[in-house]
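Undergrad: Supplied structure: coords_0.txt, compact mmCIF, C-alpha atoms and all ligand atoms.
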```
# COMPACT_ATOMS: atom_id res chain seq x y z
CA MET W 64 44.38 -21.27 -74.91
CA VAL W 65 42.73 -19.62 -71.90
CA ASP W 66 44.72 -17.23 -69.63
CA ILE W 67 42.45 -17.41 -66.59
CA THR W 68 39.99 -20.07 -65.43
CA VAL W 69 37.53 -19.05 -62.75
CA MET W 70 35.79 -21.83 -60.83
CA GLY W 71 32.32 -20.58 -59.83
CA ALA W 72 29.87 -18.32 -61.67
CA GLY W 73 28.57 -16.25 -58.74
CA ALA W 74 29.07 -12.56 -57.95
CA PHE W 75 32.73 -13.03 -57.02
CA GLY W 76 33.72 -15.42 -59.83
CA LEU W 77 31.96 -13.42 -62.55
CA SER W 78 33.33 -10.09 -61.26
CA VAL W 79 36.88 -11.44 -61.22
CA ALA W 80 36.40 -12.92 -64.69
CA TRP W 81 34.95 -9.64 -65.96
CA ALA W 82 37.79 -7.53 -64.52
CA CYS W 83 40.34 -9.87 -66.15
CA ALA W 84 38.50 -9.86 -69.49
CA GLN W 85 38.36 -6.05 -69.39
CA ARG W 86 42.15 -6.06 -69.20
CA GLY W 87 42.39 -8.26 -72.28
CA ALA W 88 42.71 -11.73 -70.73
CA LYS W 89 41.06 -14.75 -72.32
CA VAL W 90 38.77 -16.06 -69.58
CA ARG W 91 36.85 -19.28 -68.94
CA VAL W 92 34.35 -19.67 -66.08
CA ILE W 93 33.40 -23.19 -65.00
CA ASP W 94 30.33 -23.84 -62.87
CA PRO W 95 28.39 -27.11 -62.99
CA GLY W 96 25.32 -25.26 -61.63
CA GLY W 97 25.40 -22.51 -64.25
CA VAL W 98 25.34 -18.74 -63.76
CA GLY W 99 24.03 -17.57 -60.35
CA ALA W 100 23.43 -21.10 -59.06
CA GLY W 101 24.58 -20.19 -55.53
CA ALA W 102 23.98 -17.29 -53.13
CA SER W 103 24.28 -14.85 -56.03
CA GLY W 104 21.12 -16.05 -57.74
CA GLY W 105 18.93 -14.32 -55.16
CA ILE W 106 16.58 -11.39 -55.01
CA VAL W 107 17.59 -8.88 -52.28
CA GLY W 108 20.47 -6.77 -53.67
CA ALA W 109 20.98 -4.09 -51.01
CA LEU W 110 24.31 -2.35 -51.58
CA ALA W 111 24.53 -0.54 -48.26
CA PRO W 112 27.53 0.94 -46.44
CA HIS W 113 29.11 0.05 -43.13
CA THR W 114 28.54 2.70 -40.46
CA PRO W 115 30.86 5.70 -40.96
CA GLU W 116 32.86 5.33 -37.73
CA ASN W 117 35.90 3.37 -36.48
CA TRP W 118 37.21 3.60 -40.04
CA ASN W 119 39.59 0.86 -41.17
CA ASP W 120 40.93 -0.79 -44.34
CA LYS W 121 37.87 -2.98 -44.66
CA LYS W 122 35.40 -0.11 -44.46
CA ALA W 123 37.49 1.94 -46.88
CA PHE W 124 37.56 -1.00 -49.34
CA GLN W 125 33.79 -1.36 -49.14
CA PHE W 126 33.29 2.40 -49.53
CA GLU W 127 35.43 2.43 -52.68
CA SER W 128 33.54 -0.55 -54.04
CA LEU W 129 30.17 1.12 -53.48
CA ILE W 130 31.44 4.25 -55.23
CA MET W 131 32.82 2.15 -58.12
CA ALA W 132 29.52 0.29 -58.50
CA GLU W 133 27.72 2.93 -60.55
CA GLU W 134 30.25 2.84 -63.39
CA PHE W 135 30.89 -0.88 -62.97
CA TRP W 136 27.26 -1.88 -63.58
CA ALA W 137 26.73 0.79 -66.26
CA GLU W 138 29.63 -0.59 -68.29
CA ILE W 139 28.45 -4.18 -67.87
CA GLU W 140 24.98 -3.19 -69.07
CA THR W 141 26.39 -1.34 -72.07
CA VAL W 142 28.71 -4.17 -73.12
CA GLY W 143 26.29 -7.07 -72.56
CA GLY W 144 22.97 -5.33 -73.17
CA VAL W 145 21.33 -6.84 -70.05
CA SER W 146 20.06 -4.75 -67.10
CA SER W 147 21.48 -5.44 -63.64
CA GLY W 148 18.72 -3.46 -61.93
CA TYR W 149 21.36 -1.13 -60.44
CA GLY W 150 20.24 2.23 -59.12
CA ARG W 151 21.75 4.49 -56.48
CA THR W 152 18.43 5.14 -54.80
CA GLY W 153 19.69 5.64 -51.21
CA ARG W 154 18.40 4.24 -47.96
CA VAL W 155 16.15 5.31 -45.08
CA GLN W 156 16.30 3.88 -41.54
CA PRO W 157 14.22 4.85 -38.51
CA VAL W 158 15.92 6.27 -35.39
CA MET W 159 14.51 4.11 -32.62
CA ASN W 160 15.38 6.02 -29.43
CA GLU W 161 17.25 9.02 -27.94
CA ARG W 162 20.54 7.12 -27.77
CA GLY W 163 20.13 6.20 -31.42
CA LEU W 164 19.51 9.84 -32.23
CA ASP W 165 22.81 10.92 -30.60
CA LEU W 166 24.61 8.18 -32.51
CA ALA W 167 22.92 9.12 -35.78
CA ARG W 168 23.93 12.77 -35.36
CA ALA W 169 27.53 11.71 -34.71
CA ARG W 170 27.41 9.58 -37.86
CA GLU W 171 26.11 12.54 -39.84
CA VAL W 172 29.31 14.37 -38.94
CA SER W 173 31.66 11.43 -39.54
CA ALA W 174 30.03 10.59 -42.91
CA ALA W 175 30.64 14.17 -44.05
CA GLU W 176 34.36 13.56 -43.51
CA LEU W 177 34.82 9.88 -44.34
CA TRP W 178 32.61 9.78 -47.43
CA GLN W 179 34.66 12.59 -48.97
CA GLY W 180 31.69 14.52 -50.31
CA ARG W 181 30.78 11.57 -52.58
CA ALA W 182 27.61 10.80 -50.59
CA THR W 183 25.73 12.13 -47.57
CA LEU W 184 24.13 10.73 -44.44
CA GLN W 185 21.57 12.98 -42.78
CA VAL W 186 19.24 12.80 -39.82
CA VAL W 187 15.90 14.06 -41.08
CA PRO W 188 12.37 14.60 -39.73
CA GLY W 189 9.33 13.02 -41.37
CA GLU W 190 8.48 16.04 -43.52
CA ALA W 191 11.71 15.48 -45.43
CA LEU W 192 10.58 12.03 -46.57
CA SER W 193 7.89 10.62 -48.82
CA ALA W 194 5.22 8.37 -47.30
CA TRP W 195 7.58 5.46 -48.05
CA ALA W 196 9.39 5.22 -44.70
CA PRO W 197 9.55 2.81 -41.79
CA VAL W 198 7.69 3.62 -38.56
CA SER W 199 9.93 5.77 -36.32
CA PRO W 200 9.20 6.14 -32.60
CA THR W 201 11.36 9.29 -32.41
CA GLY W 202 10.02 10.98 -35.54
CA TRP W 203 13.54 10.98 -36.98
CA TRP W 204 15.11 8.98 -39.79
CA ILE W 205 18.60 8.44 -41.17
CA LYS W 206 18.81 9.00 -44.90
CA ASP W 207 21.91 8.20 -46.93
CA THR W 208 22.72 8.71 -50.58
CA LEU W 209 25.50 6.10 -50.77
CA SER W 210 23.27 3.01 -50.67
CA ALA W 211 22.22 1.49 -53.96
CA ARG W 212 20.35 -1.58 -55.07
CA MET W 213 20.61 -4.08 -57.87
CA HIS W 214 18.79 -7.31 -58.67
CA PRO W 215 21.22 -10.14 -57.84
CA ARG W 216 19.90 -12.74 -60.29
CA ARG W 217 19.71 -10.21 -63.11
CA ALA W 218 23.09 -8.77 -62.20
CA CYS W 219 24.60 -12.25 -62.67
CA ALA W 220 22.91 -12.53 -66.06
CA ALA W 221 24.20 -9.05 -66.94
CA LEU W 222 27.75 -10.00 -65.94
CA ALA W 223 27.55 -13.23 -67.91
CA ALA W 224 26.31 -11.42 -71.04
CA ALA W 225 29.05 -8.79 -70.79
CA LEU W 226 31.71 -11.42 -70.24
CA ARG W 227 30.59 -13.39 -73.29
CA ALA W 228 30.54 -10.17 -75.34
CA ARG W 229 34.21 -9.75 -74.39
CA GLY W 230 34.98 -13.27 -75.63
CA GLY W 231 34.75 -15.05 -72.26
CA GLU W 232 33.36 -18.59 -71.99
CA ILE W 233 31.02 -19.87 -69.29
CA VAL W 234 30.74 -23.64 -69.22
CA ALA W 235 29.41 -26.36 -66.92
CA THR W 236 32.43 -28.62 -67.16
CA GLY W 237 35.91 -28.38 -68.54
CA ALA W 238 39.55 -28.46 -67.70
CA PRO W 239 41.05 -25.47 -65.88
CA GLU W 240 43.70 -23.77 -68.02
CA GLY W 241 46.07 -20.92 -67.25
CA LYS W 242 45.86 -19.31 -63.82
CA VAL W 243 43.01 -20.64 -61.70
CA VAL W 244 40.81 -18.62 -59.33
CA TRP W 245 38.54 -20.50 -56.93
CA ALA W 246 35.31 -18.57 -56.30
CA THR W 247 33.20 -21.53 -55.21
CA GLY W 248 31.14 -19.92 -52.44
CA TRP W 249 30.18 -21.68 -49.23
CA GLN W 250 30.78 -25.15 -50.66
CA GLY W 251 34.33 -24.05 -51.39
CA LEU W 252 34.80 -22.88 -47.79
CA VAL W 253 33.43 -26.15 -46.39
CA GLU W 254 35.70 -28.09 -48.74
CA LEU W 255 38.72 -26.00 -47.76
CA SER W 256 37.92 -26.51 -44.06
CA GLY W 257 37.86 -30.27 -44.68
CA GLU W 258 41.18 -30.18 -46.54
CA MET W 259 42.81 -28.05 -43.82
CA GLY W 260 41.37 -30.11 -40.97
CA ARG W 261 39.89 -27.06 -39.23
CA MET W 262 37.07 -24.58 -39.77
CA VAL W 263 38.20 -21.70 -41.98
CA GLY W 264 34.74 -20.78 -43.20
CA ASN W 265 31.21 -22.07 -43.62
CA GLY W 266 27.77 -21.21 -44.89
CA VAL W 267 25.09 -19.02 -43.33
CA LYS W 268 21.69 -19.60 -44.84
CA GLY W 269 19.38 -16.71 -45.71
CA GLN W 270 15.74 -16.65 -46.77
CA ALA W 271 14.10 -13.77 -48.62
CA ALA W 272 10.84 -12.93 -50.38
CA LEU W 273 9.78 -10.85 -53.35
CA LEU W 274 6.54 -8.84 -53.33
CA ARG W 275 4.59 -7.48 -56.26
CA LEU W 276 4.61 -3.80 -55.27
CA ASP W 277 5.75 -0.99 -57.50
CA ARG W 278 7.94 1.37 -55.49
CA ARG W 279 10.66 1.73 -58.10
CA GLY W 280 12.91 4.74 -57.65
CA LEU W 281 12.19 4.99 -53.92
CA PRO W 282 14.96 4.34 -51.38
CA GLN W 283 15.56 1.00 -49.75
CA LEU W 284 14.51 0.78 -46.11
CA PHE W 285 16.26 -0.90 -43.21
CA ALA W 286 14.23 -1.43 -40.05
CA ASP W 287 14.17 -4.08 -37.31
CA ALA W 288 17.15 -5.71 -39.06
CA VAL W 289 15.08 -6.27 -42.21
CA HIS W 290 16.02 -4.98 -45.68
CA VAL W 291 13.18 -3.71 -47.86
CA VAL W 292 14.47 -3.12 -51.38
CA PRO W 293 12.32 -1.63 -54.15
CA HIS W 294 13.60 -2.99 -57.45
CA SER W 295 13.40 -1.30 -60.82
CA ASP W 296 10.92 -3.88 -62.15
CA GLY W 297 7.98 -3.13 -59.86
CA THR W 298 8.87 -5.65 -57.16
CA VAL W 299 10.07 -5.16 -53.58
CA ALA W 300 12.48 -7.61 -51.95
CA ILE W 301 12.38 -8.41 -48.23
CA GLY W 302 15.26 -10.11 -46.47
CA SER W 303 16.65 -11.98 -44.74
CA THR W 304 17.07 -14.67 -42.14
CA SER W 305 20.56 -15.50 -40.89
CA GLU W 306 20.90 -19.20 -40.03
CA ARG W 307 24.12 -20.88 -39.01
CA GLU W 308 22.38 -24.21 -38.53
CA PHE W 309 20.30 -25.50 -41.43
CA GLU W 310 19.35 -28.71 -43.16
CA ALA W 311 17.90 -27.68 -46.52
CA PRO W 312 20.06 -24.97 -48.12
CA ASP W 313 17.47 -23.94 -50.68
CA ARG W 314 14.14 -24.35 -48.89
CA THR W 315 12.11 -21.61 -47.18
CA ASP W 316 10.15 -22.13 -43.98
CA ALA W 317 8.32 -20.37 -41.13
CA GLN W 318 11.38 -18.23 -40.34
CA LEU W 319 10.75 -16.31 -43.56
CA GLU W 320 7.15 -15.66 -42.54
CA ASP W 321 8.54 -14.07 -39.36
CA VAL W 322 10.79 -11.77 -41.42
CA LEU W 323 7.80 -10.82 -43.58
CA ALA W 324 5.68 -10.06 -40.52
CA ARG W 325 8.45 -7.87 -39.05
CA ALA W 326 8.78 -6.05 -42.37
CA ILE W 327 5.05 -5.27 -42.46
CA THR W 328 5.07 -4.02 -38.86
CA ALA W 329 8.01 -1.75 -39.64
CA VAL W 330 6.68 -0.64 -43.04
CA PRO W 331 2.84 -0.81 -43.05
CA ASP W 332 2.79 0.13 -46.75
CA LEU W 333 3.85 -3.47 -47.49
CA ALA W 334 0.65 -4.96 -46.04
CA GLY W 335 -1.47 -6.79 -48.59
CA ALA W 336 1.20 -6.96 -51.30
CA GLU W 337 1.30 -10.37 -52.99
CA VAL W 338 4.35 -12.55 -52.31
CA ILE W 339 5.50 -13.71 -55.73
CA GLU W 340 8.65 -15.57 -54.73
CA ARG W 341 10.21 -17.13 -51.66
CA TRP W 342 13.91 -17.89 -52.01
CA ALA W 343 16.76 -19.30 -49.90
CA GLY W 344 20.51 -19.41 -50.42
CA VAL W 345 23.69 -19.86 -48.43
CA ARG W 346 26.15 -17.01 -47.89
CA PRO W 347 29.86 -17.85 -47.86
CA ARG W 348 31.28 -16.74 -44.51
CA ALA W 349 35.03 -16.93 -43.89
CA LYS W 350 36.15 -17.39 -40.30
CA SER W 351 37.32 -13.75 -40.23
CA ARG W 352 33.86 -12.68 -41.50
CA ALA W 353 35.73 -10.63 -44.13
CA PRO W 354 36.28 -11.62 -47.75
CA MET W 355 39.03 -14.19 -48.35
CA LEU W 356 41.07 -12.94 -51.30
CA GLY W 357 44.49 -13.78 -52.69
CA VAL W 358 46.77 -16.75 -53.10
CA HIS W 359 45.01 -20.07 -52.52
CA PRO W 360 46.18 -21.49 -49.17
CA LEU W 361 46.50 -25.07 -50.47
CA ARG W 362 46.52 -25.23 -54.28
CA LYS W 363 49.93 -24.09 -55.40
CA GLY W 364 49.81 -21.38 -58.06
CA ASP W 365 46.03 -20.93 -57.69
CA TYR W 366 44.03 -18.05 -56.17
CA ILE W 367 40.90 -17.73 -54.04
CA ALA W 368 38.06 -15.17 -54.03
CA ASN W 369 35.48 -16.09 -51.42
CA GLY W 370 33.82 -14.96 -48.17
CA GLY W 371 31.49 -12.29 -49.59
CA PHE W 372 29.13 -13.18 -46.72
CA LYS W 373 26.33 -10.60 -46.42
CA ILE W 374 27.77 -7.93 -48.70
CA GLY W 375 29.22 -9.89 -51.61
CA PHE W 376 27.53 -7.79 -54.27
CA GLY W 377 28.57 -4.57 -52.58
CA MET W 378 32.19 -5.74 -52.59
CA ALA W 379 32.19 -7.33 -56.06
CA PRO W 380 33.46 -4.37 -58.16
CA LYS W 381 36.53 -3.85 -55.96
CA VAL W 382 37.09 -7.60 -55.49
CA GLY W 383 37.27 -7.93 -59.29
CA GLN W 384 39.77 -5.10 -59.45
CA VAL W 385 42.19 -6.29 -56.76
CA MET W 386 42.04 -9.91 -57.91
CA ALA W 387 42.82 -8.88 -61.52
CA ASP W 388 45.70 -6.76 -60.13
CA MET W 389 47.09 -9.82 -58.39
CA VAL W 390 46.43 -12.53 -60.96
CA LEU W 391 47.35 -10.59 -64.09
CA GLU W 392 49.87 -8.08 -62.80
CA GLY W 393 51.28 -9.61 -59.61
CA ARG W 394 50.24 -6.54 -57.57
CA ASN W 395 48.87 -7.10 -54.09
CA ALA W 396 46.42 -4.34 -53.14
CA ILE W 397 44.35 -6.60 -50.88
CA PRO W 398 43.86 -5.31 -47.30
CA GLU W 399 45.60 -7.57 -44.79
CA GLY W 400 42.33 -8.46 -43.11
CA PHE W 401 41.01 -9.83 -46.43
CA ARG W 402 43.91 -12.19 -47.09
CA PRO W 403 43.31 -15.92 -46.61
CA GLU W 404 45.71 -15.97 -43.62
CA ALA W 405 43.15 -13.94 -41.64
CA SER W 406 40.94 -17.04 -41.50
CA LEU W 407 43.52 -19.84 -41.36
C1 LIG D 1 19.18 -14.30 -48.55
C2 LIG D 1 20.43 -13.58 -48.96
C3 LIG D 1 20.42 -12.19 -49.04
C4 LIG D 1 21.57 -11.50 -49.43
N1 LIG D 1 21.50 -10.14 -49.54
C5 LIG D 1 22.59 -9.46 -49.98
C6 LIG D 1 22.49 -8.07 -50.18
O1 LIG D 1 21.44 -7.47 -49.99
N2 LIG D 1 23.61 -7.42 -50.62
C7 LIG D 1 24.79 -8.07 -50.86
O2 LIG D 1 25.77 -7.42 -51.25
N3 LIG D 1 24.90 -9.40 -50.66
C8 LIG D 1 23.82 -10.10 -50.22
N4 LIG D 1 23.91 -11.44 -50.01
C9 LIG D 1 25.21 -12.07 -50.08
C10 LIG D 1 25.65 -12.37 -51.49
O3 LIG D 1 24.60 -13.01 -52.16
C11 LIG D 1 26.91 -13.25 -51.44
O4 LIG D 1 27.93 -12.61 -50.69
C12 LIG D 1 27.43 -13.50 -52.84
O5 LIG D 1 26.41 -13.97 -53.67
C13 LIG D 1 28.60 -14.49 -52.81
O6 LIG D 1 29.03 -14.69 -54.13
P1 LIG D 1 30.02 -15.86 -54.48
O7 LIG D 1 30.26 -15.77 -55.93
O8 LIG D 1 31.19 -15.85 -53.57
O9 LIG D 1 29.22 -17.21 -54.10
P2 LIG D 1 28.05 -17.97 -54.87
O10 LIG D 1 27.09 -17.06 -55.50
O11 LIG D 1 27.49 -18.97 -53.91
O12 LIG D 1 28.79 -18.70 -56.06
C14 LIG D 1 29.59 -19.84 -55.90
C15 LIG D 1 29.41 -20.69 -57.15
O13 LIG D 1 30.39 -21.72 -57.14
C16 LIG D 1 29.84 -22.86 -57.73
N5 LIG D 1 30.66 -24.01 -57.33
C17 LIG D 1 30.70 -24.66 -56.14
N6 LIG D 1 31.64 -25.63 -56.18
C18 LIG D 1 32.22 -25.57 -57.41
C19 LIG D 1 33.26 -26.30 -58.05
N7 LIG D 1 33.92 -27.27 -57.42
N8 LIG D 1 33.60 -25.96 -59.31
C20 LIG D 1 32.97 -24.96 -59.96
N9 LIG D 1 31.97 -24.24 -59.41
C21 LIG D 1 31.60 -24.54 -58.15
C22 LIG D 1 28.40 -22.89 -57.25
O14 LIG D 1 27.57 -23.61 -58.15
C23 LIG D 1 28.06 -21.39 -57.23
O15 LIG D 1 27.40 -20.98 -58.43
C24 LIG D 1 22.78 -12.19 -49.66
C25 LIG D 1 22.79 -13.59 -49.58
C26 LIG D 1 21.63 -14.29 -49.23
C27 LIG D 1 21.68 -15.78 -49.17
```
Could you write out this structure as structure tokens?

TA:
Amino acid sequence: MVDITVMGAGAFGLSVAWACAQRGAKVRVIDPGGVGAGASGGIVGALAPHTPENWNDKKAFQFESLIMAEEFWAEIETVGGVSSGYGRTGRVQPVMNERGLDLARAREVSAAELWQGRATLQVVPGEALSAWAPVSPTGWWIKDTLSARMHPRRACAALAAALRARGGEIVATGAPEGKVVWATGWQGLVELSGEMGRMVGNGVKGQAALLRLDRRGLPQLFADAVHVVPHSDGTVAIGSTSEREFEAPDRTDAQLEDVLARAITAVPDLAGAEVIERWAGVRPRAKSRAPMLGVHPLRKGDYIANGGFKIGFGMAPKVGQVMADMVLEGRNAIPEGFRPEASL
């Protein structure tokens, strides 16, 4: 007999299943597409913080999750024996103008307070960086030590291996048993909107590319709204588009070439690197734009974990924790803005 059934084997479903299995529950994950079939099977994997200002519950939740990530992924790798590609390699962003420089200096001060000495954000001149940096018109960059990266597709495989090592099952079909958690991504949000008769969430497509370029160990870069993420396997990911209207959820097109061109203009070191993969997926976006966690709004006795949107992997460690608190122990540590009601 299974204690918990999780519908959906993406970042959210697997993290919830893992957190429950770690507390001794017998867990089954059901996903007809298999592990990482949805948005989580991608290639970008930037785990980057919100700006350290206008602090609120949501930013605090994300901060805690980013801090938890190091141990979270290390334990998963130890238990399952599969690498997630996690590394806390930091991030560098160019300061584009004088106004941006004032803002960056204010953030340097607020990060010192809000990040509790666990990580730093500094405004630095070029000499403080390696040659791996985006073009900066001011000659200044923002460098933080909180950002990390992992490889989404591998991280899903790592989670699946660890879950199985703890006795969890992952199957394509089967009957839900025990308590049921719905972590069915954007399709789940579209389905829920249909059942509720109004829009409570939808999908936002993203396209990304993977280059053969060995910059492992160097920080991720964020410039002109493009993420440039050096992975631990000698590839660099570039992402992403953000498309509310789309026809083919899993096909790439000219919009990705535009992102690639912007990335090369911002980071000339990327020029000439071979593109080895082009990938598209659909992010689950709740109406509130925040995660949707807690009691399922329609299915009595069930739970929901959805709405990871653009930072699902960054949130996953803490999402697993608070969902296991609720499902296994009846404790509600979910910020109000993350509860389903926020989108209903
Ligand atoms: C291009 C792109 C770049 C991104 N970059 C980043 C990034 O840098 N950092 C970051 O943190 N996040 C990033 N994200 C967002 C992140 O990928 C998502 O927030 C996250 O993957 C959502 O996880 P999920 O488990 O909720 O959804 P999904 O991964 O979509 O999983 C949902 C699963 O549910 C399954 N399913 C659907 N219906 C059913 C059903 N009825 N029964 C059972 N199973 C079902 C699907 O097959 C799917 O496997 C990016 C997303 C995209 C598309």

Undergrad: Each residue of segment 74-149 of chain W lying at most 10 Å from segment 244-265 of chain W should get a row with its shortest atom-to-atom pair and the distance in Å to one decimal, counting all atoms listed in the file; could you produce that, ordered by chain and increasing number, as a tab-separated table?

TA:
```
residue	atom	partner	partner_atom	distance
W:Ala74	CA	W:Ala246	CA	8.8
W:Phe75	CA	W:Ala246	CA	6.2
W:Gly76	CA	W:Ala246	CA	5.0
W:Leu77	CA	W:Ala246	CA	8.8
W:Val79	CA	W:Val244	CA	8.4
W:Ala80	CA	W:Val244	CA	9.0
W:Val92	CA	W:Val244	CA	9.4
W:Ile93	CA	W:Thr247	CA	9.9
W:Asp94	CA	W:Thr247	CA	8.5
W:Gly101	CA	W:Gly248	CA	7.3
W:Ala102	CA	W:Gly248	CA	7.7
W:Ser103	CA	W:Gly248	CA	9.3
```

Undergrad: Store the residues of this selection in a file with C-alpha atoms, as a tab-separated table (two decimals), in the frame of the given file.

TA:
```tsv
chain	number	residue	atom	x	y	z
W	74	ALA	CA	29.07	-12.56	-57.95
W	75	PHE	CA	32.73	-13.03	-57.02
W	76	GLY	CA	33.72	-15.42	-59.83
W	77	LEU	CA	31.96	-13.42	-62.55
W	79	VAL	CA	36.88	-11.44	-61.22
W	80	ALA	CA	36.40	-12.92	-64.69
W	92	VAL	CA	34.35	-19.67	-66.08
W	93	ILE	CA	33.40	-23.19	-65.00
W	94	ASP	CA	30.33	-23.84	-62.87
W	101	GLY	CA	24.58	-20.19	-55.53
W	102	ALA	CA	23.98	-17.29	-53.13
W	103	SER	CA	24.28	-14.85	-56.03
```

Undergrad: Identify, counting only C-alpha atoms and all ligand atoms, the protein, DNA and RNA residues located within 7 Å of ligand LIG 1 (chain D), and give them as a PyMOL selection string.

TA: chain W and resi 70-76+93-105+107-110+246-251+268-271+302-304+343-347+368-378

Undergrad: Counting all atoms listed in the file, I want the residues whose atoms come within 7 Å of (18.8, 3.7, -48.6) in the file frame, returned as a PyMOL selection string.

TA: chain W and resi 152-155+206-208+210-211+282-284

Undergrad: Go ahead and compute the interatomic distance for atom CA of Ala396 of chain W and atom CA of Gln179 of chain W, in Å to one decimal.

TA: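 Atom CA of Ala396 of chain W sits 21.0 Å away from atom CA of Gln179 of chain W.
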
Undergrad: Per residue of segment 139-217 of chain W within 7 Å of segment 326-336 of chain W, which atom pair is closest and at what distance in Å (one decimal), using all atoms listed in the file, listed by chain and increasing number, as JSON lines?

TA:
```
{"residue": "W:Ala196", "atom": "CA", "partner": "W:Val330", "partner_atom": "CA", "distance": 6.7}
{"residue": "W:Pro197", "atom": "CA", "partner": "W:Val330", "partner_atom": "CA", "distance": 4.7}
{"residue": "W:Val198", "atom": "CA", "partner": "W:Ala329", "partner_atom": "CA", "distance": 5.5}
```

Undergrad: Quick one: distance from atom CA of Ala167 of chain W to atom CA of Arg325 of chain W in Å, one decimal?

TA: 22.6 Å

Undergrad: So what do you get for atom CA of Ser295 of chain W versus atom CA of Gly280 of chain W, distance-wise?

TA: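 Taking atom CA of Ser295 of chain W and atom CA of Gly280 of chain W, their separation equals 6.8 Å.
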
Undergrad: Name the residues within 10 Å of (11.6, -8.0, -61.7), counting all atoms listed in the file in the file's coordinates, and put them as a list in words.

TA: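 Residues with an atom close enough to that point: Ile106, Gly148, His214, Arg216, Arg217, Leu273, Leu274, Arg275, Pro293, His294, Ser295, Asp296, Gly297, Thr298, Val299 and Ala300 of chain W.
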
Undergrad: Nearest to Arg402 of chain W among W:Ala387, W:Val358, W:Ala137, W:Val382, with distances taken over all atoms listed in the file: which residue is it?

TA: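 With all atoms listed in the file as the atom set, the closest residue is W:Val358.
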